Each structure stands twice: as C-alpha cells, then as structure tokens.
Amino acid sequence: MLDIHSFRKLSNGVKIPLFGLGVYQIPDDSKLQHAIEAAFDAGYRKIDTAAMYRNEPGVGKAIRNSTLTREEVFVTSKVWNSDQGYDETLRAFEKTRKNLGFDPDLYLIHWPVKGKFKATWKALEELYDQGHLTSIGVSNFHRHHLEDLMSNARIAPMVNQIELHPRLQQSDLVTFCQQHEIHVEAWSPLMRGEIFQVDELAQLAEKHGKSIAQIALRWCLQRGLGIIPKSDNPDHVRANAAIFDFELDDQDMAGIGRLDRHQRIGPDPDNFDF
Ligand code: NAD
C-alpha cells in the first residue's frame with residue numbers, strides 16, 4: 001500500500017521518501033515559501049532543489065520556519081555543470097550548505113559533464129565519507145555514463161534522477177538501475193504541463209475520477225519510482241498529493257505502458273551544451 005510517506009531504502013539503507021516537491025523555476029521569494037508550506041501541510045517530506053535553481057536559501061528558510069524538524073524532511077541538492085571537478089565541487093558544496101543553512105541529505109551530479117564527472121564523483125565520495133551527506137547520486141546519466149562512473153568508483157551512485165513520464169518511459173535504464181540498486185527518481189513527471197495534452201490519459205482520469213496529472217504521478221509511483229512534481233500553486237501542490245486513494249490496475253498500467261514515444265521535454269544527456 002502506497003501512502004504519502006512511502007519510502008525506498010537506498011543501497012546503504014537510508015530511507016528516501018518516494019514523493020516530494022520539485023522547486024525548479026520557483027523564484028526565491030514568498031511564492032517559494034507558500035509552496036513549501038502548502039506541501040508540508042499536505043504531507044510532503046522531500047524537497048528537490050539545486051544550486052542552479054538559485055533558491056537554496058529559501059528552501060532552508062522554509063524548513064526552519066516550518067513546524068517540522070530538519071530530520072523530518074529529506075532535502076536534495078545538485079552540483080551545477082560549471083562547478084564540476086574535484087576542488088570545484090567541494091567549493092560548490094560549501095556554498096550549498098551555507099545557502100541552505102544545513103547539509104542536504106542527498107547531493108547529485110546534475111548532468112554528466114564529459115571529462116569531469118568522475119572527478120566530481122570523487123568529491124561526492126569524500127563528502128559522503130566525511131558524514132556531510134547521507135546519500136550521493138547522479139542525474140541525467142544514461143546507462144553508459146553509469147557504467148563508466150562505476151568502473152572506478154569506490155561508492156556506487158545510490159540515485160539516478162532522470163526525465164521520465166508516460167511519453168519517455170526509460171524502461172531499459174530503469175531496469176539497469178534496479179539491477180544495480182540505484183533508485184530512480186522521475187523529473188518532469190508532468191512533462192512541464194504538457195501531460196494534459198496526452199489525450200489517452202483522459203479516459204483513465206475519468207475512470208478513476210482523477211486528473212490526468214494525478215494518473216501520471218500515480219503511474220510513476222506504482223513503477224517504484226520517486227517523483228518530484230513542481231508547482232508554486234498551493235491548490236496544485238495539494239492536488240498532486242491526492243494520489244493515494246486510488247490504484248491503477250494491471251490493464252491501466254499496461255495501457256500507459258503503450259504511450260511511450262521516447263519524447264523528451266529536456267535535452268538528451270548525450271547532447272547538452274550547458
Ligand atoms: P513538472 O513535470 O513537475 O511540471 C511542472 C509544471 O506543471 C509547472 O508549470 C506547473 O505549474 C504545472 N503543474 C504542476 N501541477 C499541476 C497541476 N496539478 N495542474 C496543472 N498544472 C500543474 O516539471 P519540472 O518542474 O520540470 O520537474 C519537476 C522537478 O524535477 C523540478 O522542479 C526539479 O526539482 C526537478 N528537475 C530536475 C532536473 C534535473 O536535471 N535533474 C531537470 C528538470 C527538473
């Protein structure tokens with residue numbers, strides 16, 4: 001039975017909530033504070049930020065201003081591409097922990113920058129050894145990036161956060177990650193809003209008395225994936241969490257399984273230039 005507090009145990013035993021709030025493109029102002037407040041009220045216990053989102057200070061502030069303790073919230077941040085490399089990453093992490101006002105739980109390599117991500121990983125291993133982080137991982141890594149990284153890593157990545165939604169199901173990569181005890185988190189699970197144009201989901205929405213967004217989010221969870229839908233609208237924040245009172249059956253899951261078009265909203269990790 002899935003509920004809003006459902007978690008996955010990472011390969012090192014650390015519990016990561018499956019469900020959380022993404023805060024990409026939410027400016028660091030009252031909007032962010034209200035969104036996180038609504039999220040905590042609705043039961044969210046994971047916040048996904050990054051140095052590149054420029055809102056780590058607001059994330060830290062919202063957590064301190066909440067009634068929750070630091071330990072009750074799982075916080076992810078990420079090292080940006082221009083900060084990759086061993087020394088650069090250690091410096092970037094210092095900035096992140098100052099911005100937040102505490103160490104994040106999970107720190108990710110945001111994108112697999114060629115020629116750099118292995119040195120970046122060494123810095124993450126070091127930070128993990130020093131006890132700054134309970135978990136370390138990557139984002140936007142294809143299978144070949146993971147194989148390359150793991151070929152000489154001391155610690156295997158615990159998480160891979162990738163673009164994933166009904167139009168980009170990433171089945172082979174998910175299977176590879178599961179075989180290697182790498183937890184997969186889906187970014188842009190709502191296709192940045194384009195999910196509402198996937199007409200085939202409308203029938204399922206009607207069948208379950210749910211919205212298209214809720215069907216897409218529930219489908220990710222039933223695949224065992226983490227999700228971090230983003231919204232700065234408190235009504236949407238609450239609606240995105242109202243996915244624990246229904247279940248997609250095998251036929252529903254298979255139907256969504258047929259909607260894959262290998263269609264990306266963001267860039268292909270083999271071909272990005274930022
Ligand atoms: P998303 O798929 O979560 O969609 C967000 C969009 O959908 C927003 O425009 C929002 O207003 C709208 N929306 C959300 N809930 C809605 C609802 N109930 N009804 C109507 N509209 C709704 O897109 P995203 O922000 O790209 O991805 C989610 C999170 O994933 C980000 O905030 C970020 O934390 C993370 N992310 C990570 C990476 C990465 O490289 N690791 C890249 C992109 C995003």
# chains A, B, ... in the order shown; residues from 1 in each chain; ligands from 1
>>> residues_near_ligand(ligand="ligand 1", cutoff="7 Å", atoms="only C-alpha atoms and all ligand atoms", output="NGL selection string")
:A and (21-25 or 48-49 or 110-111 or 139-140 or 161-163 or 187-193 or 213 or 228-233 or 236-237 or 239-240)
>>> closest_residue(among="A:Asp103, A:Asp87, A:Asp268, A:Glu71", to="A:Gln130", atoms="only C-alpha atoms")
A:Asp103
>>> closest_residue(among="A:Gln263, A:Ser135, A:Ser66, A:Gln33", to="A:Pro166", atoms="only C-alpha atoms")
A:Gln263
>>> closest_residue(among="A:Asn152, A:Gln178, A:Asn55, A:Gln214", to="A:Asn99", atoms="only C-alpha atoms")
A:Asn55
>>> closest_residue(among="A:Phe102, A:Tyr44, A:Tyr53, A:Tyr86", to="A:Pro27", atoms="only C-alpha atoms")
A:Tyr53
>>> residues_around(residues="A:Gln84", least_positions_apart="4", cutoff="12 Å", atoms="only C-alpha atoms", output="ChimeraX atom specification")
/A:78-80,88-93,108-124
>>> closest_residue(among="A:Leu18, A:Ala51, A:Leu100, A:Ile63", to="A:Ser82", atoms="only C-alpha atoms")
A:Ala51
>>> residues_around(residues="A:Leu106", least_positions_apart="6", cutoff="10 Å", atoms="only C-alpha atoms", output="VMD selection string")
chain A and resid 16 48 74 to 78 124 128 132 to 138 158 to 159
>>> write_last_selection(atoms="C-alpha atoms", output="CSV table (one decimal), in the first residue's frame")
chain,number,residue,atom,x,y,z
A,16,ILE,CA,14.2,8.3,0.8
A,48,ASP,CA,14.2,18.8,-4.6
A,74,PHE,CA,14.6,14.9,3.0
A,75,VAL,CA,16.5,17.5,1.1
A,76,THR,CA,18.2,17.0,-2.3
A,77,SER,CA,20.6,19.5,-4.0
A,78,LYS,CA,22.8,19.2,-7.0
A,124,LEU,CA,30.9,13.4,-3.6
A,128,TYR,CA,29.9,11.2,2.0
A,132,HIS,CA,28.1,15.6,5.3
A,133,LEU,CA,25.7,13.5,3.2
A,134,THR,CA,23.5,10.5,3.9
A,135,SER,CA,23.4,9.7,0.2
A,136,ILE,CA,25.1,10.6,-3.1
A,137,GLY,CA,23.9,10.1,-6.6
A,138,VAL,CA,23.7,11.4,-10.2
A,158,MET,CA,22.5,5.5,-4.9
A,159,VAL,CA,20.1,7.5,-7.0
>>> select_by_dssp(residues="stretch 82-234 of chain A", states="strand (DSSP E or B)", output="ChimeraX atom specification")
/A:106-109,135-139,159-163,165,168,183-187,226-227,230
>>> closest_atom_pairs(of="stretch 127-189 of chain A", to="stretch 221-225 of chain A", cutoff="9 Å", atoms="only C-alpha atoms", output="JSON lines")
{"residue": "A:Val174", "atom": "CA", "partner": "A:Leu225", "partner_atom": "CA", "distance": 8.8}
{"residue": "A:His183", "atom": "CA", "partner": "A:Leu225", "partner_atom": "CA", "distance": 7.3}
{"residue": "A:Val184", "atom": "CA", "partner": "A:Leu225", "partner_atom": "CA", "distance": 5.5}
{"residue": "A:Glu185", "atom": "CA", "partner": "A:Leu225", "partner_atom": "CA", "distance": 5.5}
{"residue": "A:Ala186", "atom": "CA", "partner": "A:Leu225", "partner_atom": "CA", "distance": 6.6}
>>> write_last_selection(atoms="N, CA, C and O atoms", output="compact mmCIF listing (two decimals), in the first residue's frame")
# COMPACT_ATOMS: atom_id res chain seq x y z
N VAL A 174 15.69 2.14 -16.41
CA VAL A 174 15.11 1.83 -15.10
C VAL A 174 15.49 0.40 -14.69
O VAL A 174 15.90 0.16 -13.55
N HIS A 183 18.30 3.83 -7.08
CA HIS A 183 16.90 4.29 -7.04
C HIS A 183 16.68 5.34 -8.13
O HIS A 183 17.49 6.27 -8.26
N VAL A 184 15.58 5.21 -8.87
CA VAL A 184 15.30 6.16 -9.95
C VAL A 184 14.23 7.16 -9.50
O VAL A 184 13.18 6.78 -8.99
N GLU A 185 14.57 8.43 -9.71
CA GLU A 185 13.59 9.50 -9.47
C GLU A 185 13.23 10.11 -10.82
O GLU A 185 14.12 10.35 -11.64
N ALA A 186 11.94 10.40 -10.99
CA ALA A 186 11.46 10.96 -12.26
C ALA A 186 11.36 12.47 -12.18
O ALA A 186 10.64 13.00 -11.34
>>> closest_residue(among="A:Ser30, A:Thr96, A:Thr175, A:Gln197", to="A:Ala50", atoms="only C-alpha atoms")
A:Thr96
>>> atom_distance(atom1="atom CA of A:Pro269", atom2="atom CA of A:Leu32")
28.2 Å
>>> decode(residues="stretch 5-43 of chain A", atoms="N, CA and C atoms", output="tab-separated table (two decimals), in the first residue's frame")
chain	number	residue	atom	x	y	z
A	5	HIS	N	3.88	8.92	2.79
A	5	HIS	CA	5.15	8.73	3.50
A	5	HIS	C	5.92	7.50	2.99
A	6	SER	N	5.43	6.87	1.97
A	6	SER	CA	6.13	5.69	1.45
A	6	SER	C	7.56	6.06	1.07
A	7	PHE	N	8.46	5.17	1.34
A	7	PHE	CA	9.87	5.45	1.06
A	7	PHE	C	10.50	4.24	0.39
A	8	ARG	N	11.70	4.47	-0.13
A	8	ARG	CA	12.52	3.40	-0.67
A	8	ARG	C	13.79	3.38	0.15
A	9	LYS	N	14.30	2.18	0.44
A	9	LYS	CA	15.60	2.12	1.10
A	9	LYS	C	16.68	2.14	0.03
A	10	LEU	N	17.59	3.10	0.12
A	10	LEU	CA	18.70	3.16	-0.82
A	10	LEU	C	19.66	2.01	-0.53
A	11	SER	N	20.67	1.85	-1.40
A	11	SER	CA	21.58	0.71	-1.25
A	11	SER	C	22.33	0.72	0.08
A	12	ASN	N	22.41	1.90	0.73
A	12	ASN	CA	23.10	1.96	2.03
A	12	ASN	C	22.11	1.94	3.21
A	13	GLY	N	20.83	1.68	2.89
A	13	GLY	CA	19.83	1.55	3.95
A	13	GLY	C	19.11	2.84	4.30
A	14	VAL	N	19.58	3.97	3.74
A	14	VAL	CA	18.93	5.26	4.04
A	14	VAL	C	17.54	5.31	3.37
A	15	LYS	N	16.57	5.83	4.10
A	15	LYS	CA	15.21	5.89	3.59
A	15	LYS	C	14.98	7.20	2.83
A	16	ILE	N	14.55	7.09	1.59
A	16	ILE	CA	14.22	8.29	0.82
A	16	ILE	C	12.72	8.27	0.52
A	17	PRO	N	12.00	9.35	0.86
A	17	PRO	CA	10.57	9.37	0.52
A	17	PRO	C	10.40	9.27	-0.99
A	18	LEU	N	9.35	8.57	-1.43
A	18	LEU	CA	9.12	8.47	-2.88
A	18	LEU	C	8.55	9.77	-3.42
A	19	PHE	N	7.79	10.44	-2.59
A	19	PHE	CA	7.04	11.59	-3.05
A	19	PHE	C	7.66	12.90	-2.53
A	20	GLY	N	7.75	13.91	-3.39
A	20	GLY	CA	8.31	15.18	-2.92
A	20	GLY	C	7.95	16.33	-3.85
A	21	LEU	N	8.44	17.51	-3.49
A	21	LEU	CA	8.18	18.72	-4.26
A	21	LEU	C	9.43	19.16	-5.00
A	22	GLY	N	9.31	19.39	-6.30
A	22	GLY	CA	10.41	19.98	-7.08
A	22	GLY	C	10.24	21.49	-7.07
A	23	VAL	N	11.34	22.22	-6.99
A	23	VAL	CA	11.21	23.69	-6.91
A	23	VAL	C	11.98	24.42	-8.03
A	24	TYR	N	12.21	23.71	-9.14
A	24	TYR	CA	12.87	24.35	-10.29
A	24	TYR	C	12.01	25.51	-10.79
A	25	GLN	N	12.63	26.63	-11.08
A	25	GLN	CA	11.95	27.81	-11.63
A	25	GLN	C	10.96	28.46	-10.67
A	26	ILE	N	11.05	28.11	-9.39
A	26	ILE	CA	10.27	28.89	-8.41
A	26	ILE	C	11.24	29.91	-7.82
A	27	PRO	N	10.98	31.20	-8.05
A	27	PRO	CA	11.91	32.21	-7.54
A	27	PRO	C	11.96	32.19	-6.02
A	28	ASP	N	13.11	32.64	-5.51
A	28	ASP	CA	13.31	32.59	-4.07
A	28	ASP	C	12.60	33.77	-3.39
A	29	ASP	N	11.28	33.70	-3.37
A	29	ASP	CA	10.52	34.77	-2.70
A	29	ASP	C	9.33	34.13	-1.98
A	30	SER	N	8.29	34.92	-1.72
A	30	SER	CA	7.17	34.40	-0.93
A	30	SER	C	6.47	33.24	-1.63
A	31	LYS	N	6.54	33.20	-2.95
A	31	LYS	CA	5.92	32.08	-3.70
A	31	LYS	C	6.49	30.74	-3.25
A	32	LEU	N	7.83	30.74	-3.12
A	32	LEU	CA	8.50	29.51	-2.70
A	32	LEU	C	8.08	29.15	-1.27
A	33	GLN	N	8.02	30.16	-0.41
A	33	GLN	CA	7.64	29.90	0.99
A	33	GLN	C	6.23	29.31	1.04
A	34	HIS	N	5.31	29.89	0.27
A	34	HIS	CA	3.92	29.40	0.29
A	34	HIS	C	3.81	27.99	-0.30
A	35	ALA	N	4.58	27.75	-1.36
A	35	ALA	CA	4.52	26.42	-1.99
A	35	ALA	C	5.01	25.35	-1.02
A	36	ILE	N	6.12	25.63	-0.34
A	36	ILE	CA	6.68	24.62	0.58
A	36	ILE	C	5.77	24.46	1.80
A	37	GLU	N	5.20	25.55	2.25
A	37	GLU	CA	4.26	25.48	3.38
A	37	GLU	C	3.07	24.59	3.01
A	38	ALA	N	2.51	24.83	1.82
A	38	ALA	CA	1.37	24.01	1.37
A	38	ALA	C	1.79	22.55	1.25
A	39	ALA	N	3.01	22.34	0.76
A	39	ALA	CA	3.50	20.96	0.58
A	39	ALA	C	3.62	20.26	1.94
A	40	PHE	N	4.21	20.92	2.90
A	40	PHE	CA	4.35	20.29	4.22
A	40	PHE	C	2.97	20.00	4.83
A	41	ASP	N	2.04	20.95	4.66
A	41	ASP	CA	0.68	20.73	5.20
A	41	ASP	C	0.02	19.51	4.55
A	42	ALA	N	0.33	19.31	3.26
A	42	ALA	CA	-0.27	18.18	2.55
A	42	ALA	C	0.48	16.87	2.81
A	43	GLY	N	1.58	16.94	3.53
A	43	GLY	CA	2.29	15.71	3.89
A	43	GLY	C	3.58	15.45	3.14
